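Have a look at input-v2.txt; it's compact mmCIF, C-alpha atoms:
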```txt
# COMPACT_ATOMS: atom_id res chain seq x y z
CA MET S 1 -18.43 -10.81 -9.51
CA ILE S 2 -21.22 -9.92 -7.09
CA TYR S 3 -21.52 -12.22 -4.10
CA GLN S 4 -23.96 -14.97 -5.08
CA GLY S 5 -23.80 -18.46 -3.55
CA PHE S 6 -20.99 -17.15 -1.35
CA ALA S 7 -23.43 -14.80 0.40
CA TYR S 8 -25.12 -17.64 2.24
CA ILE S 9 -21.92 -18.91 3.85
CA TYR S 10 -20.16 -15.54 4.07
CA ASP S 11 -20.82 -15.14 7.79
CA LYS S 12 -19.50 -18.60 8.58
CA LEU S 13 -16.27 -17.87 6.72
CA MET S 14 -16.05 -14.38 8.27
CA LYS S 15 -16.78 -15.53 11.82
CA ASP S 16 -13.50 -14.06 13.07
CA ALA S 17 -13.81 -10.72 11.25
CA PRO S 18 -13.23 -7.79 13.65
CA TYR S 19 -16.61 -6.13 13.11
CA ASP S 20 -16.51 -4.60 16.59
CA LYS S 21 -13.31 -2.79 15.63
CA TRP S 22 -15.09 -1.19 12.67
CA VAL S 23 -17.92 -0.08 14.93
CA THR S 24 -15.47 1.31 17.48
CA PHE S 25 -13.66 3.25 14.76
CA ILE S 26 -16.94 4.67 13.46
CA ASN S 27 -18.00 5.63 16.98
CA GLU S 28 -14.68 7.35 17.67
CA SER S 29 -14.93 9.23 14.38
CA ILE S 30 -18.48 10.38 15.12
CA SER S 31 -17.85 11.35 18.75
CA THR S 32 -14.77 13.35 17.74
CA HIS S 33 -15.97 15.02 14.55
CA SER S 34 -19.81 14.91 14.53
CA PRO S 35 -21.17 14.12 18.02
CA GLN S 36 -24.77 14.97 17.11
CA ALA S 37 -24.89 12.49 14.22
CA LYS S 38 -27.76 10.00 14.33
CA LYS S 39 -28.66 9.11 10.74
CA ILE S 40 -26.23 6.66 9.12
CA LEU S 41 -26.00 5.19 5.61
CA ASP S 42 -23.88 2.01 5.47
CA VAL S 43 -22.88 1.46 1.83
CA GLY S 44 -21.79 -2.02 0.75
CA CYS S 45 -23.38 -3.33 3.93
CA GLY S 46 -23.11 -7.01 2.97
CA THR S 47 -24.90 -9.25 5.43
CA GLY S 48 -25.57 -6.34 7.77
CA GLU S 49 -23.12 -7.10 10.57
CA ILE S 50 -21.96 -3.50 11.04
CA ALA S 51 -25.31 -1.88 10.25
CA ILE S 52 -27.07 -4.01 12.88
CA ARG S 53 -24.42 -3.25 15.50
CA LEU S 54 -24.84 0.47 14.85
CA ALA S 55 -28.62 0.19 15.03
CA LYS S 56 -28.33 -1.44 18.45
CA GLN S 57 -26.73 1.82 19.61
CA GLN S 58 -29.97 3.68 18.87
CA LEU S 59 -28.71 5.10 15.58
CA ASP S 60 -31.00 5.44 12.56
CA VAL S 61 -29.32 3.11 10.06
CA THR S 62 -29.96 2.36 6.40
CA GLY S 63 -27.89 -0.28 4.61
CA VAL S 64 -27.40 -0.63 0.87
CA ASP S 65 -25.65 -3.30 -1.17
CA ILE S 66 -25.59 -4.36 -4.81
CA SER S 67 -26.00 -8.06 -3.94
CA GLU S 68 -29.59 -9.20 -3.51
CA ASP S 69 -28.36 -12.39 -1.83
CA MET S 70 -26.36 -10.47 0.76
CA LEU S 71 -29.38 -8.30 1.54
CA THR S 72 -31.58 -11.36 1.94
CA VAL S 73 -29.21 -12.65 4.62
CA ALA S 74 -29.05 -9.20 6.24
CA GLN S 75 -32.84 -8.91 6.38
CA SER S 76 -33.15 -12.32 8.04
CA LYS S 77 -30.77 -11.13 10.77
CA VAL S 78 -32.80 -7.98 11.35
CA ASP S 79 -35.97 -10.03 11.65
CA GLU S 80 -34.30 -12.24 14.28
CA SER S 81 -32.61 -9.46 16.27
CA LYS S 82 -35.63 -7.13 16.31
CA VAL S 83 -33.60 -4.05 15.44
CA ASP S 84 -34.80 -1.47 12.94
CA VAL S 85 -32.59 -1.28 9.83
CA LEU S 86 -33.82 -0.50 6.32
CA PHE S 87 -31.97 -2.47 3.64
CA LEU S 88 -32.07 -1.46 -0.03
CA ARG S 89 -30.45 -2.81 -3.17
CA GLN S 90 -28.34 -0.06 -4.73
CA ASP S 91 -25.10 0.39 -6.64
CA MET S 92 -22.74 2.59 -4.59
CA ARG S 93 -21.95 4.58 -7.72
CA GLU S 94 -25.60 5.57 -8.11
CA LEU S 95 -27.03 6.19 -4.64
CA ASP S 96 -30.48 7.71 -4.97
CA GLY S 97 -34.05 7.89 -3.75
CA PHE S 98 -33.61 8.54 -0.02
CA ALA S 99 -36.16 10.71 1.76
CA GLU S 100 -33.50 12.62 3.70
CA GLN S 101 -29.78 13.20 3.65
CA PHE S 102 -27.54 11.46 6.17
CA ASP S 103 -25.23 12.67 8.93
CA VAL S 104 -22.68 9.94 8.19
CA VAL S 105 -21.97 7.61 5.27
CA THR S 106 -19.76 4.57 5.80
CA ILE S 107 -18.19 2.09 3.36
CA CYS S 108 -16.61 -0.67 5.44
CA CYS S 109 -14.78 -3.96 4.98
CA ASP S 110 -12.88 -2.80 1.85
CA SER S 111 -16.12 -2.76 -0.19
CA LEU S 112 -14.80 0.25 -2.11
CA ASN S 113 -11.96 -1.92 -3.46
CA TYR S 114 -14.44 -3.87 -5.59
CA LEU S 115 -14.80 -0.87 -7.90
CA GLU S 116 -12.82 -1.53 -11.05
CA THR S 117 -11.79 1.95 -12.21
CA ASN S 118 -10.75 5.37 -11.03
CA ASP S 119 -13.95 6.73 -12.58
CA ASP S 120 -16.03 4.27 -10.50
CA VAL S 121 -14.41 5.51 -7.31
CA GLN S 122 -14.96 9.12 -8.33
CA ALA S 123 -18.61 8.43 -9.15
CA THR S 124 -19.06 6.82 -5.73
CA PHE S 125 -17.52 9.79 -3.93
CA HIS S 126 -19.88 12.13 -5.79
CA ALA S 127 -22.86 9.89 -4.99
CA VAL S 128 -21.91 9.85 -1.29
CA TYR S 129 -21.52 13.64 -1.33
CA ASN S 130 -25.07 14.02 -2.64
CA GLN S 131 -26.49 11.87 0.18
CA LEU S 132 -24.70 13.70 3.00
CA LYS S 133 -25.89 16.71 4.91
CA THR S 134 -23.58 19.72 4.77
CA ARG S 135 -20.48 18.97 6.88
CA GLY S 136 -21.55 15.34 7.14
CA LEU S 137 -18.90 12.67 7.63
CA PHE S 138 -17.72 10.09 5.11
CA ILE S 139 -15.84 7.17 6.70
CA PHE S 140 -14.38 4.33 4.65
CA ASP S 141 -11.55 1.80 4.64
CA VAL S 142 -9.54 0.25 1.82
CA HIS S 143 -6.70 -2.21 1.34
CA SER S 144 -3.26 -0.65 1.31
CA LEU S 145 -0.80 -1.14 -1.53
CA HIS S 146 1.28 -3.20 0.88
CA LYS S 147 -1.58 -5.63 1.43
CA ILE S 148 -2.34 -5.99 -2.28
CA HIS S 149 1.27 -6.64 -3.32
CA ASN S 150 2.82 -8.35 -0.30
CA ILE S 151 -0.04 -10.24 1.32
CA PHE S 152 -2.57 -11.04 -1.40
CA VAL S 153 -0.71 -11.48 -4.69
CA GLY S 154 0.62 -15.03 -5.04
CA ALA S 155 -0.93 -16.21 -1.78
CA THR S 156 -3.24 -19.12 -1.03
CA PHE S 157 -5.66 -19.04 1.90
CA THR S 158 -7.66 -21.95 3.25
CA ASP S 159 -10.37 -22.36 5.83
CA GLN S 160 -12.11 -25.51 6.92
CA ASP S 161 -14.70 -26.60 9.43
CA GLU S 162 -17.24 -29.38 9.61
CA ASP S 163 -19.68 -27.87 7.10
CA VAL S 164 -17.70 -25.50 4.84
CA SER S 165 -14.22 -25.52 3.30
CA LEU S 166 -12.61 -22.73 1.30
CA ILE S 167 -9.61 -22.57 -1.03
CA TRP S 168 -8.73 -18.99 -1.99
CA ASN S 169 -5.96 -18.16 -4.48
CA SER S 170 -4.97 -14.55 -5.20
CA TYR S 171 -3.25 -13.39 -8.39
CA ALA S 172 -2.04 -10.07 -9.74
CA ALA S 173 -4.62 -8.62 -12.14
CA GLU S 174 -3.82 -6.67 -15.30
CA GLU S 175 -4.53 -3.19 -13.91
CA SER S 176 -2.00 -1.59 -11.59
CA ASN S 177 -2.45 -2.25 -7.87
CA SER S 178 -5.18 -4.81 -8.42
CA VAL S 179 -5.75 -8.46 -7.51
CA GLU S 180 -8.05 -11.30 -8.49
CA HIS S 181 -9.34 -13.68 -5.83
CA ASP S 182 -10.18 -17.13 -7.22
CA MET S 183 -12.39 -18.82 -4.61
CA SER S 184 -13.64 -22.39 -4.45
CA PHE S 185 -15.77 -23.35 -1.51
CA PHE S 186 -17.30 -26.67 -0.59
CA VAL S 187 -20.55 -26.85 1.38
CA LYS S 188 -21.65 -30.07 3.04
CA ARG S 189 -25.06 -31.32 1.88
CA ASP S 190 -25.96 -34.49 3.76
CA GLU S 191 -22.98 -36.78 3.13
CA LEU S 192 -21.67 -34.97 0.05
CA TYR S 193 -20.03 -31.59 -0.59
CA GLU S 194 -21.33 -29.13 -3.17
CA ARG S 195 -18.73 -26.95 -4.86
CA TYR S 196 -19.12 -23.26 -5.72
CA ASP S 197 -16.60 -21.12 -7.62
CA GLU S 198 -16.41 -17.33 -7.65
CA LEU S 199 -13.88 -14.81 -9.00
CA HIS S 200 -13.56 -11.51 -7.16
CA TYR S 201 -11.59 -8.46 -8.29
CA GLN S 202 -10.19 -5.72 -6.06
CA ARG S 203 -8.16 -2.62 -6.76
CA THR S 204 -6.68 0.08 -4.56
CA TYR S 205 -4.84 3.40 -4.88
CA THR S 206 -2.32 5.48 -3.01
CA ILE S 207 -3.35 7.73 -0.13
CA GLU S 208 -2.58 10.69 -2.35
CA GLU S 209 -4.85 9.38 -5.12
CA TYR S 210 -7.75 8.78 -2.73
CA THR S 211 -7.24 12.25 -1.27
CA SER S 212 -7.27 13.82 -4.72
CA LEU S 213 -10.49 12.00 -5.65
CA LEU S 214 -12.14 13.09 -2.39
CA GLU S 215 -11.14 16.71 -2.91
CA ALA S 216 -12.45 16.59 -6.48
CA ALA S 217 -15.81 15.51 -5.02
CA SER S 218 -15.78 18.49 -2.60
CA PHE S 219 -14.68 16.65 0.52
CA GLU S 220 -12.00 17.76 2.93
CA VAL S 221 -9.91 14.94 4.34
CA ILE S 222 -9.86 15.17 8.12
CA LYS S 223 -7.78 12.14 8.94
CA VAL S 224 -6.14 9.02 7.48
CA CYS S 225 -5.45 6.16 9.88
CA GLY S 226 -3.93 2.70 9.70
CA ASP S 227 -5.31 -0.65 10.83
CA PHE S 228 -8.20 0.51 13.03
CA ARG S 229 -5.92 2.77 15.10
CA PHE S 230 -7.81 6.04 15.34
CA GLU S 231 -4.84 7.94 16.78
CA GLU S 232 -2.19 6.59 14.42
CA SER S 233 -1.25 7.45 10.86
CA PRO S 234 -0.61 4.63 8.37
CA THR S 235 2.84 3.11 8.10
CA SER S 236 4.52 1.36 5.19
CA THR S 237 3.22 -1.99 6.51
CA SER S 238 -0.34 -0.95 7.36
CA GLU S 239 -2.75 -3.38 5.75
CA ARG S 240 -5.92 -1.32 5.94
CA LEU S 241 -6.31 2.44 5.47
CA PHE S 242 -9.14 4.40 7.08
CA PHE S 243 -10.28 7.76 5.72
CA ILE S 244 -12.42 10.31 7.54
CA ALA S 245 -13.66 13.10 5.28
CA ARG S 246 -16.16 15.91 5.66
CA LYS S 247 -18.56 17.32 3.08
CA LYS S 248 -17.61 20.92 2.39
CA GLU S 249 -20.13 23.71 2.82
```
Please render this file's structure as structure tokens.
Amino acid sequence: MIYQGFAYIYDKLMKDAPYDKWVTFINESISTHSPQAKKILDVGCGTGEIAIRLAKQQLDVTGVDISEDMLTVAQSKVDESKVDVLFLRQDMRELDGFAEQFDVVTICCDSLNYLETNDDVQATFHAVYNQLKTRGLFIFDVHSLHKIHNIFVGATFTDQDEDVSLIWNSYAAEESNSVEHDMSFFVKRDELYERYDELHYQRTYTIEEYTSLLEAASFEVIKVCGDFRFEESPTSTSERLFFIARKKE
């Protein structure tokens, strides 16, 4: 499921998301491994929160997402904030049509986990490779196996404020290491609430599997980190894995 009605209340529900931590991690990665980098492609950019933050740091940022609704929200933010970000609708498996290659490609907020198959992930890694300059950086994060099996599967999450309420149930999906998120959200319209239902699917892999897929796409893995901690390797209870890879010459 591509974000549809959910896109227009996504930011309200994600108001506590640690976007600044993503930006800090990206900045640390760039300053350490590619300090001259200026041209960034943010893949799966959603409503543009990270892309806009990067643009405010005088970086040349392009954002792409498969959801037209998400991009509509992102563009409205750019218009209000007066920053310069180009947003385009593209499938991350088929990135194409850019005038120049990029110094850095990012895929943040576990967007990569929405790909359904191993082949989809491999296609994305190849597509990213083609859009990067030689020795360019590829930075992305994914859910860990621990998070899929011990935090998501069988859990119910709720969120409620004056205008929006969310009930979110997560179930094990058929494929290994995958989960389905069954979401019902209620948006206040005058004195009544309008209900929307969406089903989202996510799948992850082991660190070794991601590394193998990156190497098959001609990347070298520089670093794997856990839970936004640039200096720390993942542990068995890390919820989010961060990969920093470089395009081989």
ask   = So, counting all atoms listed in the file, which residue among S:Met14, S:Gln202, S:Gly46, S:Phe219 is closest to Asp159 of chain S?
value =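 Smallest distance to Asp159 of chain S is found for S:Met14.
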key: Given all atoms listed in the file as the counted atoms, nearest of S:Pro234, S:Gly48, S:Gly136, S:Pro35 to Tyr19 of chain S   =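 Counting all atoms listed in the file, the residue closest to Tyr19 of chain S is S:Gly48.
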request  = Compare S:Leu86, S:Leu214, S:Ala37, S:Ile26 by their minimum atom-to-atom distance to Thr134 of chain S, counting only C-alpha atoms, and give me the closest one.
outcome  =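 With only C-alpha atoms as the atom set, the closest residue is S:Ala37.
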Proximity to Glu232 of chain S - best of S:Val105, S:Lys15, S:Arg93, S:Phe25, only C-alpha atoms =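 With only C-alpha atoms as the atom set, the closest residue is S:Phe25.
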request  = Point out the residue among S:Arg203, S:Lys12, S:Lys39, S:Arg89 with the least atom-to-atom distance to Leu54 of chain S, counting only C-alpha atoms.
outcome  =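 Comparing S:Arg203, S:Lys12, S:Lys39, S:Arg89 against Leu54 of chain S, the winner is S:Lys39.
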request  = Find the distance between atom CA of Pro18 of chain S and atom CA of His146 of chain S and write it in Å to one decimal.
outcome  =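 Going from atom CA of Pro18 of chain S over to atom CA of His146 of chain S covers 19.9 Å.
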query = Between atom CA of Phe87 of chain S and atom CA of Gly63 of chain S, what is the distance, to one decimal in Å?
reply =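 Between these atoms lies a distance of 4.7 Å.
Using only C-alpha atoms, the nearest neighbour of Val224 of chain S within the list S:Asp141, S:Glu209, S:Asp91, S:Glu49 is S:Asp141.
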message = Just want the 12 Å neighbourhood of Phe98 of chain S, counted on all atoms listed in the file, with same-chain residues fewer than 4 positions away dropped. Output as a ChimeraX atom specification.
response = /S:39-41,62-64,86-88,90,94,102,127-128,130-132
task = Could you jot down the atom CA of Asp42 of chain S to atom CA of Val61 of chain S separation for me, Å, one decimal place?
result =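 Rounded to one decimal, the two atoms are 7.2 Å apart.
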request  = Do a neighbour search on Cys108 of chain S at 9 Å with all atoms listed in the file, toss out local chain neighbours closer than 2 positions, and write the hits as a list in words.
outcome  = Trp22, Asp42, Val43, Gly44, Cys45, Ile50, Thr106, Asp110, Ser111, Leu112, Ile139, Phe140, Asp141 and Val142 of chain S
Thr206 of chain S: which residues within 9 Å, counting all atoms listed in the file, same-chain residues fewer than 5 positions away excluded, as a tab-separated table (two decimals) with C-alpha atoms, keeping the file's coordinate frame?
```tsv
chain	number	residue	atom	x	y	z
S	144	SER	CA	-3.26	-0.65	1.31
S	145	LEU	CA	-0.80	-1.14	-1.53
S	211	THR	CA	-7.24	12.25	-1.27
```
With all atoms listed in the file as the counted atoms, please give the residues lying no more than 9 Å from Ile9 of chain S, apart from itself and same-chain residues fewer than 4 positions off, as a PDB file with C-alpha atoms, in the coordinates of the input.
```
ATOM      1  CA  GLY S   5     -23.800 -18.460  -3.550  1.00  0.00           C
ATOM      2  CA  LEU S  13     -16.270 -17.870   6.720  1.00  0.00           C
ATOM      3  CA  MET S  14     -16.050 -14.380   8.270  1.00  0.00           C
ATOM      4  CA  VAL S 164     -17.700 -25.500   4.840  1.00  0.00           C
ATOM      5  CA  VAL S 187     -20.550 -26.850   1.380  1.00  0.00           C
TER       6      VAL S 187
END
```
With the cut-off set at 12 Å and counting only C-alpha atoms, tabulate each residue of segment 38-136 of chain S with an atom at most that distance from an atom of segment 165-181 of chain S, showing the nearest atom pair and its distance in Å to one decimal, ordered by chain and increasing number, as a tab-separated table.
```
residue	atom	partner	partner_atom	distance
S:Asn113	CA	S:Ser178	CA	8.9
S:Tyr114	CA	S:Ser178	CA	9.7
S:Leu115	CA	S:Ser178	CA	10.4
S:Glu116	CA	S:Ser178	CA	8.7
S:Thr117	CA	S:Glu175	CA	9.1
S:Asn118	CA	S:Glu175	CA	11.0
```
ask   = Which polymer residues have any atom within 9 Å of an atom of Thr47 of chain S, counting only C-alpha atoms, with same-chain residues fewer than 5 positions away left out, as number ranges by chain?
value = S: 7-8, 10-11, 65, 69-75, 77
For those residues, write C-alpha atoms to a file as a CSV table (one decimal), keeping the file's coordinate frame.
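Saved file result15.csv follows:
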```
chain,number,residue,atom,x,y,z
S,7,ALA,CA,-23.4,-14.8,0.4
S,8,TYR,CA,-25.1,-17.6,2.2
S,10,TYR,CA,-20.2,-15.5,4.1
S,11,ASP,CA,-20.8,-15.1,7.8
S,65,ASP,CA,-25.6,-3.3,-1.2
S,69,ASP,CA,-28.4,-12.4,-1.8
S,70,MET,CA,-26.4,-10.5,0.8
S,71,LEU,CA,-29.4,-8.3,1.5
S,72,THR,CA,-31.6,-11.4,1.9
S,73,VAL,CA,-29.2,-12.6,4.6
S,74,ALA,CA,-29.0,-9.2,6.2
S,75,GLN,CA,-32.8,-8.9,6.4
S,77,LYS,CA,-30.8,-11.1,10.8
```
